[in-house]
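A.B. asks: Got a structure for you, start36.csv, holding CSV, C-alpha atoms.
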chain,number,residue,atom,x,y,z
D,1,MET,CA,26.9,-17.6,-18.5
D,2,ASN,CA,28.3,-21.1,-18.5
D,3,ALA,CA,29.6,-22.9,-21.6
D,4,ILE,CA,26.4,-24.7,-22.4
D,5,ASP,CA,24.4,-21.5,-22.2
D,6,ARG,CA,26.9,-19.8,-24.4
D,7,ILE,CA,26.6,-22.6,-27.0
D,8,LYS,CA,22.8,-22.3,-27.0
D,9,THR,CA,23.0,-18.5,-27.4
D,10,GLN,CA,25.6,-18.9,-30.2
D,11,LEU,CA,23.5,-21.5,-32.0
D,12,THR,CA,20.5,-19.2,-32.1
D,13,SER,CA,22.5,-16.2,-33.3
D,14,ALA,CA,22.3,-17.2,-36.9
D,15,PRO,CA,20.7,-20.0,-39.1
D,16,VAL,CA,24.2,-21.3,-40.1
D,17,VAL,CA,26.9,-21.5,-37.4
D,18,LEU,CA,30.3,-23.0,-37.9
D,19,TYR,CA,32.6,-23.8,-35.0
D,20,MET,CA,36.1,-23.9,-36.4
D,21,LYS,CA,39.8,-23.7,-35.7
D,22,GLY,CA,40.8,-20.2,-36.6
D,23,THR,CA,38.7,-17.8,-38.7
D,24,PRO,CA,37.3,-18.1,-42.2
D,25,ASP,CA,40.1,-15.9,-43.6
D,26,PHE,CA,42.8,-17.5,-41.4
D,27,PRO,CA,41.8,-21.1,-40.7
D,28,GLN,CA,44.2,-23.0,-38.5
D,29,CYS,CA,43.3,-26.5,-39.8
D,30,GLY,CA,42.7,-27.9,-43.2
D,31,PHE,CA,39.4,-29.4,-42.4
D,32,SER,CA,38.1,-26.1,-41.1
D,33,ALA,CA,39.4,-24.4,-44.3
D,34,GLN,CA,37.7,-26.9,-46.5
D,35,THR,CA,34.4,-26.5,-44.7
D,36,VAL,CA,34.6,-22.7,-45.1
D,37,GLY,CA,35.3,-23.3,-48.8
D,38,ALA,CA,32.2,-25.3,-49.2
D,39,LEU,CA,30.0,-22.7,-47.5
D,40,ARG,CA,31.5,-19.9,-49.6
D,41,ALA,CA,31.0,-21.9,-52.7
D,42,CYS,CA,27.4,-22.1,-51.8
D,43,ASN,CA,27.4,-18.3,-51.4
D,44,ALA,CA,26.0,-18.9,-47.9
D,45,LYS,CA,26.0,-16.4,-45.0
D,46,PHE,CA,27.3,-18.0,-41.8
D,47,THR,CA,28.5,-17.0,-38.4
D,48,HIS,CA,31.7,-18.6,-37.1
D,49,PHE,CA,33.2,-19.1,-33.7
D,50,ASN,CA,36.9,-19.8,-33.3
D,51,ILE,CA,37.1,-22.6,-30.7
D,52,PHE,CA,40.6,-21.6,-29.8
D,53,GLU,CA,39.2,-18.5,-28.3
D,54,ASP,CA,36.9,-20.3,-25.8
D,55,PRO,CA,38.4,-23.5,-24.5
D,56,GLU,CA,35.3,-24.1,-22.3
D,57,VAL,CA,33.0,-24.0,-25.3
D,58,ARG,CA,35.4,-26.2,-27.2
D,59,GLU,CA,35.2,-29.0,-24.5
D,60,ALA,CA,31.4,-28.5,-23.8
D,61,LEU,CA,30.6,-28.8,-27.5
D,62,LYS,CA,32.0,-32.3,-27.7
D,63,THR,CA,29.4,-33.5,-25.2
D,64,TYR,CA,26.6,-31.2,-26.3
D,65,SER,CA,26.7,-32.4,-29.8
D,66,ASN,CA,28.1,-35.9,-29.1
D,67,TRP,CA,30.7,-35.2,-31.7
D,68,PRO,CA,34.4,-35.1,-30.7
D,69,THR,CA,36.1,-33.2,-33.5
D,70,PHE,CA,36.0,-29.8,-35.3
D,71,PRO,CA,34.8,-28.1,-37.4
D,72,GLN,CA,31.2,-28.6,-36.5
D,73,LEU,CA,28.6,-27.2,-38.9
D,74,TYR,CA,25.1,-26.3,-37.5
D,75,VAL,CA,22.0,-25.3,-39.4
D,76,ASN,CA,19.1,-24.0,-37.4
D,77,GLY,CA,20.7,-25.3,-34.2
D,78,GLU,CA,21.2,-28.9,-35.5
D,79,LEU,CA,24.5,-30.5,-36.1
D,80,ILE,CA,24.9,-31.3,-39.8
D,81,GLY,CA,28.4,-32.8,-39.4
D,82,GLY,CA,32.0,-32.0,-39.8
D,83,CYS,CA,34.2,-31.5,-42.9
D,84,ASP,CA,33.6,-34.9,-44.5
D,85,ILE,CA,29.8,-34.6,-44.4
D,86,ALA,CA,29.8,-30.9,-45.4
D,87,LEU,CA,31.9,-31.8,-48.5
D,88,GLN,CA,29.9,-34.8,-49.4
D,89,MET,CA,26.7,-32.8,-49.1
D,90,TYR,CA,28.2,-30.0,-51.2
D,91,ARG,CA,29.2,-32.5,-54.0
D,92,SER,CA,25.7,-34.0,-54.0
D,93,GLY,CA,24.0,-30.7,-54.0
D,94,GLU,CA,22.3,-31.3,-50.6
D,95,LEU,CA,24.3,-28.6,-48.9
D,96,GLN,CA,23.2,-25.9,-51.3
D,97,LYS,CA,19.5,-27.0,-50.8
D,98,LEU,CA,19.8,-27.1,-47.0
D,99,LEU,CA,21.5,-23.7,-46.8
D,100,SER,CA,19.0,-22.1,-49.2
D,101,GLU,CA,16.0,-23.5,-47.2
D,102,ALA,CA,17.6,-22.1,-44.0
D,103,GLY,CA,17.6,-18.6,-45.7
D,104,ALA,CA,21.3,-18.4,-45.6
D,105,VAL,CA,21.7,-17.9,-49.4
D,106,PRO,CA,20.8,-14.5,-50.7
D,107,ALA,CA,18.3,-14.7,-53.6
A,1,MET,CA,53.0,-44.4,-28.9
A,2,SER,CA,54.0,-44.9,-32.5
A,3,ALA,CA,51.7,-44.2,-35.4
A,4,ILE,CA,51.6,-47.9,-36.3
A,5,ASP,CA,50.3,-48.7,-32.8
A,6,ARG,CA,47.7,-46.1,-33.1
A,7,GLU,CA,46.5,-47.4,-36.4
A,8,GLN,CA,46.3,-51.0,-35.1
A,9,ARG,CA,44.3,-49.8,-32.1
A,10,ILE,CA,41.8,-48.0,-34.4
A,11,ARG,CA,41.6,-51.1,-36.6
A,12,ALA,CA,41.0,-53.4,-33.6
A,13,ARG,CA,38.2,-51.2,-32.2
A,14,LEU,CA,36.4,-50.8,-35.5
A,15,ALA,CA,36.8,-54.5,-36.4
A,16,ALA,CA,35.3,-55.5,-33.0
A,17,ALA,CA,32.4,-53.0,-33.2
A,18,PHE,CA,31.3,-53.4,-36.8
A,19,ALA,CA,32.8,-56.6,-38.3
A,20,PRO,CA,33.3,-54.5,-41.5
A,21,HIS,CA,33.2,-55.8,-45.0
A,22,GLU,CA,35.9,-53.3,-45.9
A,23,LEU,CA,38.2,-51.3,-43.6
A,24,THR,CA,41.0,-49.1,-44.8
A,25,ILE,CA,42.9,-46.8,-42.5
A,26,VAL,CA,45.4,-44.3,-43.8
A,27,ASP,CA,47.7,-42.3,-41.5
A,28,GLU,CA,47.7,-38.7,-42.8
A,29,SER,CA,49.4,-37.2,-39.7
A,30,HIS,CA,52.3,-35.9,-41.8
A,31,LEU,CA,50.0,-33.7,-43.8
A,32,HIS,CA,49.0,-31.8,-40.8
A,33,ALA,CA,52.2,-31.6,-38.8
A,34,GLY,CA,52.9,-28.2,-37.3
A,35,HIS,CA,49.5,-26.6,-37.4
A,36,ALA,CA,47.9,-25.4,-34.2
A,37,GLY,CA,45.4,-28.1,-33.8
A,38,ALA,CA,48.1,-30.8,-34.1
A,39,ALA,CA,50.0,-29.4,-31.1
A,40,GLY,CA,48.6,-32.1,-28.8
A,41,GLY,CA,50.4,-34.8,-30.8
A,42,GLY,CA,47.4,-36.8,-31.8
A,43,GLY,CA,47.2,-38.4,-35.3
A,44,HIS,CA,45.1,-37.6,-38.3
A,45,PHE,CA,43.6,-40.7,-40.0
A,46,ARG,CA,41.5,-41.3,-43.0
A,47,ILE,CA,39.1,-44.2,-42.5
A,48,HIS,CA,37.1,-46.0,-45.2
A,49,ILE,CA,34.7,-48.5,-43.7
A,50,VAL,CA,31.8,-50.6,-45.1
A,51,ALA,CA,29.6,-52.3,-42.6
A,52,ASP,CA,26.0,-53.5,-42.3
A,53,ALA,CA,25.5,-51.4,-39.2
A,54,PHE,CA,25.5,-48.2,-41.3
A,55,ALA,CA,22.5,-49.3,-43.4
A,56,GLY,CA,19.7,-46.7,-43.3
A,57,LEU,CA,21.6,-44.3,-41.1
A,58,PRO,CA,22.2,-40.6,-42.1
A,59,PRO,CA,25.8,-39.5,-42.3
A,60,VAL,CA,25.9,-37.8,-38.9
A,61,ALA,CA,24.7,-41.0,-37.2
A,62,ARG,CA,27.3,-43.1,-39.1
A,63,HIS,CA,30.1,-40.9,-38.0
A,64,ARG,CA,28.8,-40.9,-34.4
A,65,ARG,CA,28.8,-44.7,-34.4
A,66,VAL,CA,32.5,-44.6,-35.5
A,67,TYR,CA,33.4,-42.1,-32.9
A,68,GLU,CA,31.6,-44.1,-30.2
A,69,ALA,CA,33.5,-47.2,-31.2
A,70,LEU,CA,36.8,-45.4,-30.9
A,71,GLY,CA,35.8,-44.1,-27.5
A,72,ASP,CA,38.8,-42.9,-25.5
A,73,LEU,CA,41.1,-43.0,-28.5
A,74,MET,CA,39.4,-39.9,-29.7
A,75,SER,CA,40.4,-37.9,-26.6
A,76,GLY,CA,44.2,-38.3,-27.1
A,77,GLU,CA,45.6,-40.6,-29.7
A,78,VAL,CA,43.3,-39.5,-32.5
A,79,HIS,CA,43.2,-35.8,-33.2
A,80,ALA,CA,41.2,-35.8,-36.4
A,81,LEU,CA,39.4,-38.3,-38.6
A,82,SER,CA,38.3,-38.3,-42.1
A,83,ILE,CA,35.5,-40.8,-42.3
A,84,ASP,CA,33.9,-42.5,-45.2
A,85,ALA,CA,31.3,-44.9,-43.7
A,86,ARG,CA,29.0,-46.8,-45.9
A,87,ALA,CA,26.6,-49.7,-46.0
A,88,PRO,CA,27.3,-52.6,-48.4
A,89,GLY,CA,25.9,-52.3,-51.9
Could you write out this file's structure as structure tokens?

C.D. replies:
Amino acid sequence: MNAIDRIKTQLTSAPVVLYMKGTPDFPQCGFSAQTVGALRACNAKFTHFNIFEDPEVREALKTYSNWPTFPQLYVNGELIGGCDIALQMYRSGELQKLLSEAGAVPA
Amino acid sequence: MSAIDREQRIRARLAAAFAPHELTIVDESHLHAGHAGAAGGGGHFRIHIVADAFAGLPPVARHRRVYEALGDLMSGEVHALSIDARAPG
């Protein structure tokens, strides 16, 4: 499976997908860590992919999403943004609403 | 390339693309030195920009416009950006 197909498969594997540097418990970049923090503060379930483990996906994602940096947060396959946007949406309450509507927050 | 050169290049690209009302660029590379993602040597910058072009655009689209304006700088000289892009008012 080529990198684009892997991305498409990964994005349909869960409503909320985070491409990040490192893992939620061992993030390797402050921006990735902060984004995980926002998702956890929302009590959201999410699937993560460590881009350091798949350099092909890392490169292909930049083109696929027209977004050159990481982390990248997707909800229902759509790019929501990176760390700045996730934190802004968390502070405004939009992130909680979006995640809840996506079924990622247990009732 | 020095950090100041990088900052000036970013400033020049954004000024040309958006004719911004406000533009602040802060080099935060020192905050990230040594982590795995910084291994390529690119800088981390925080950008605050206010421009008419962002009016009516959702955040993802605003950030994409900034990334597009920076173009090739994103693939080497800039490792990560923190962007606050707004429309006036």

A.B. asks: Could you check the closest approach to chain A for each of D:Thr23, D:Gln96, D:Asn76, D:Gln88 and tell me which residue wins, using only C-alpha atoms?

C.D. replies: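 Closest residue, counting only C-alpha atoms: D:Gln88.
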
A.B. asks: Mind checking which residues fall within 12 Å of Gln8 in chain A, counting all atoms listed in the file, ignoring those fewer than 2 positions away in the same chain, and posting them as an NGL selection string?

C.D. replies: :A and (1-6 or 10-15 or 23-27 or 45 or 70 or 73 or 77)

A.B. asks: Nearest residue to chain A out of D:Arg91, D:Arg40, D:Lys8, D:Lys21, using all atoms listed in the file?

C.D. replies: D:Lys21

A.B. asks: Mind dumping a table of every chain D residue within 12 Å of chain A, with the nearest atom pair and its distance in Å to one decimal, using only C-alpha atoms, sorted by chain and rising number, as JSON lines?

C.D. replies:
{"residue": "D:Met20", "atom": "CA", "partner": "A:Gly37", "partner_atom": "CA", "distance": 10.5}
{"residue": "D:Lys21", "atom": "CA", "partner": "A:Gly37", "partner_atom": "CA", "distance": 7.4}
{"residue": "D:Gly22", "atom": "CA", "partner": "A:Ala36", "partner_atom": "CA", "distance": 9.1}
{"residue": "D:Phe26", "atom": "CA", "partner": "A:Ala36", "partner_atom": "CA", "distance": 11.8}
{"residue": "D:Pro27", "atom": "CA", "partner": "A:Ala36", "partner_atom": "CA", "distance": 9.9}
{"residue": "D:Gln28", "atom": "CA", "partner": "A:Ala36", "partner_atom": "CA", "distance": 6.2}
{"residue": "D:Cys29", "atom": "CA", "partner": "A:Gly37", "partner_atom": "CA", "distance": 6.6}
{"residue": "D:Gly30", "atom": "CA", "partner": "A:His32", "partner_atom": "CA", "distance": 7.8}
{"residue": "D:Phe31", "atom": "CA", "partner": "A:Ala80", "partner_atom": "CA", "distance": 9.0}
{"residue": "D:Ser32", "atom": "CA", "partner": "A:Gly37", "partner_atom": "CA", "distance": 10.5}
{"residue": "D:Asn50", "atom": "CA", "partner": "A:Gly37", "partner_atom": "CA", "distance": 11.9}
{"residue": "D:Ile51", "atom": "CA", "partner": "A:Gly37", "partner_atom": "CA", "distance": 10.4}
{"residue": "D:Phe52", "atom": "CA", "partner": "A:Gly37", "partner_atom": "CA", "distance": 9.0}
{"residue": "D:Glu59", "atom": "CA", "partner": "A:Ser75", "partner_atom": "CA", "distance": 10.5}
{"residue": "D:Lys62", "atom": "CA", "partner": "A:Ser75", "partner_atom": "CA", "distance": 10.2}
{"residue": "D:Thr63", "atom": "CA", "partner": "A:Arg64", "partner_atom": "CA", "distance": 11.8}
{"residue": "D:Ser65", "atom": "CA", "partner": "A:Arg64", "partner_atom": "CA", "distance": 9.9}
{"residue": "D:Asn66", "atom": "CA", "partner": "A:Arg64", "partner_atom": "CA", "distance": 7.3}
{"residue": "D:Trp67", "atom": "CA", "partner": "A:Arg64", "partner_atom": "CA", "distance": 6.6}
{"residue": "D:Pro68", "atom": "CA", "partner": "A:Met74", "partner_atom": "CA", "distance": 7.0}
{"residue": "D:Thr69", "atom": "CA", "partner": "A:Ala80", "partner_atom": "CA", "distance": 6.4}
{"residue": "D:Phe70", "atom": "CA", "partner": "A:Ala80", "partner_atom": "CA", "distance": 8.0}
{"residue": "D:Pro71", "atom": "CA", "partner": "A:Ala80", "partner_atom": "CA", "distance": 10.1}
{"residue": "D:Gln72", "atom": "CA", "partner": "A:Val60", "partner_atom": "CA", "distance": 10.9}
{"residue": "D:Leu73", "atom": "CA", "partner": "A:Val60", "partner_atom": "CA", "distance": 10.9}
{"residue": "D:Tyr74", "atom": "CA", "partner": "A:Val60", "partner_atom": "CA", "distance": 11.6}
{"residue": "D:Glu78", "atom": "CA", "partner": "A:Val60", "partner_atom": "CA", "distance": 10.6}
{"residue": "D:Leu79", "atom": "CA", "partner": "A:Val60", "partner_atom": "CA", "distance": 7.9}
{"residue": "D:Ile80", "atom": "CA", "partner": "A:Val60", "partner_atom": "CA", "distance": 6.6}
{"residue": "D:Gly81", "atom": "CA", "partner": "A:Val60", "partner_atom": "CA", "distance": 5.6}
{"residue": "D:Gly82", "atom": "CA", "partner": "A:Val60", "partner_atom": "CA", "distance": 8.5}
{"residue": "D:Cys83", "atom": "CA", "partner": "A:Ser82", "partner_atom": "CA", "distance": 8.0}
{"residue": "D:Asp84", "atom": "CA", "partner": "A:Ser82", "partner_atom": "CA", "distance": 6.3}
{"residue": "D:Ile85", "atom": "CA", "partner": "A:Pro59", "partner_atom": "CA", "distance": 6.7}
{"residue": "D:Ala86", "atom": "CA", "partner": "A:Pro59", "partner_atom": "CA", "distance": 10.0}
{"residue": "D:Leu87", "atom": "CA", "partner": "A:Ser82", "partner_atom": "CA", "distance": 11.1}
{"residue": "D:Gln88", "atom": "CA", "partner": "A:Pro59", "partner_atom": "CA", "distance": 9.5}
{"residue": "D:Met89", "atom": "CA", "partner": "A:Pro59", "partner_atom": "CA", "distance": 9.6}

A.B. asks: Residues within 9 Å of Ala55 in chain A, please, as a list of chain:residue names. Count all atoms listed in the file; anything in the same chain fewer than 2 positions from it doesn't count.

C.D. replies: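 Those residues are A:Ala51, A:Asp52, A:Ala53, A:Leu57, A:Pro58, A:Arg62, A:Arg86, A:Ala87, A:Pro88.
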
A.B. asks: As an exercise, work out the distance from CA of Ile49 in chain A to CA of Ala17 in chain A in Å and give it to one decimal place.

C.D. replies: 11.7 Å

A.B. asks: Separation of CA of Ala33 in chain D and CA of Phe46 in chain D, in Å?

C.D. replies: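 According to the coordinates, CA of Ala33 in chain D and CA of Phe46 in chain D are separated by 13.9 Å.
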
A.B. asks: In Å, with one decimal, what is the gap from CA of Asn43 in chain D to CA of Val105 in chain D?

C.D. replies: 6.1 Å

A.B. asks: Identify which of the residues D:Ala41, D:Leu98, D:Thr47, D:Glu56 lies closest to Tyr19 in chain D, counting only C-alpha atoms when measuring atom-to-atom distances.

C.D. replies: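 Among D:Ala41, D:Leu98, D:Thr47, D:Glu56, it is D:Thr47 that comes nearest to Tyr19 in chain D.
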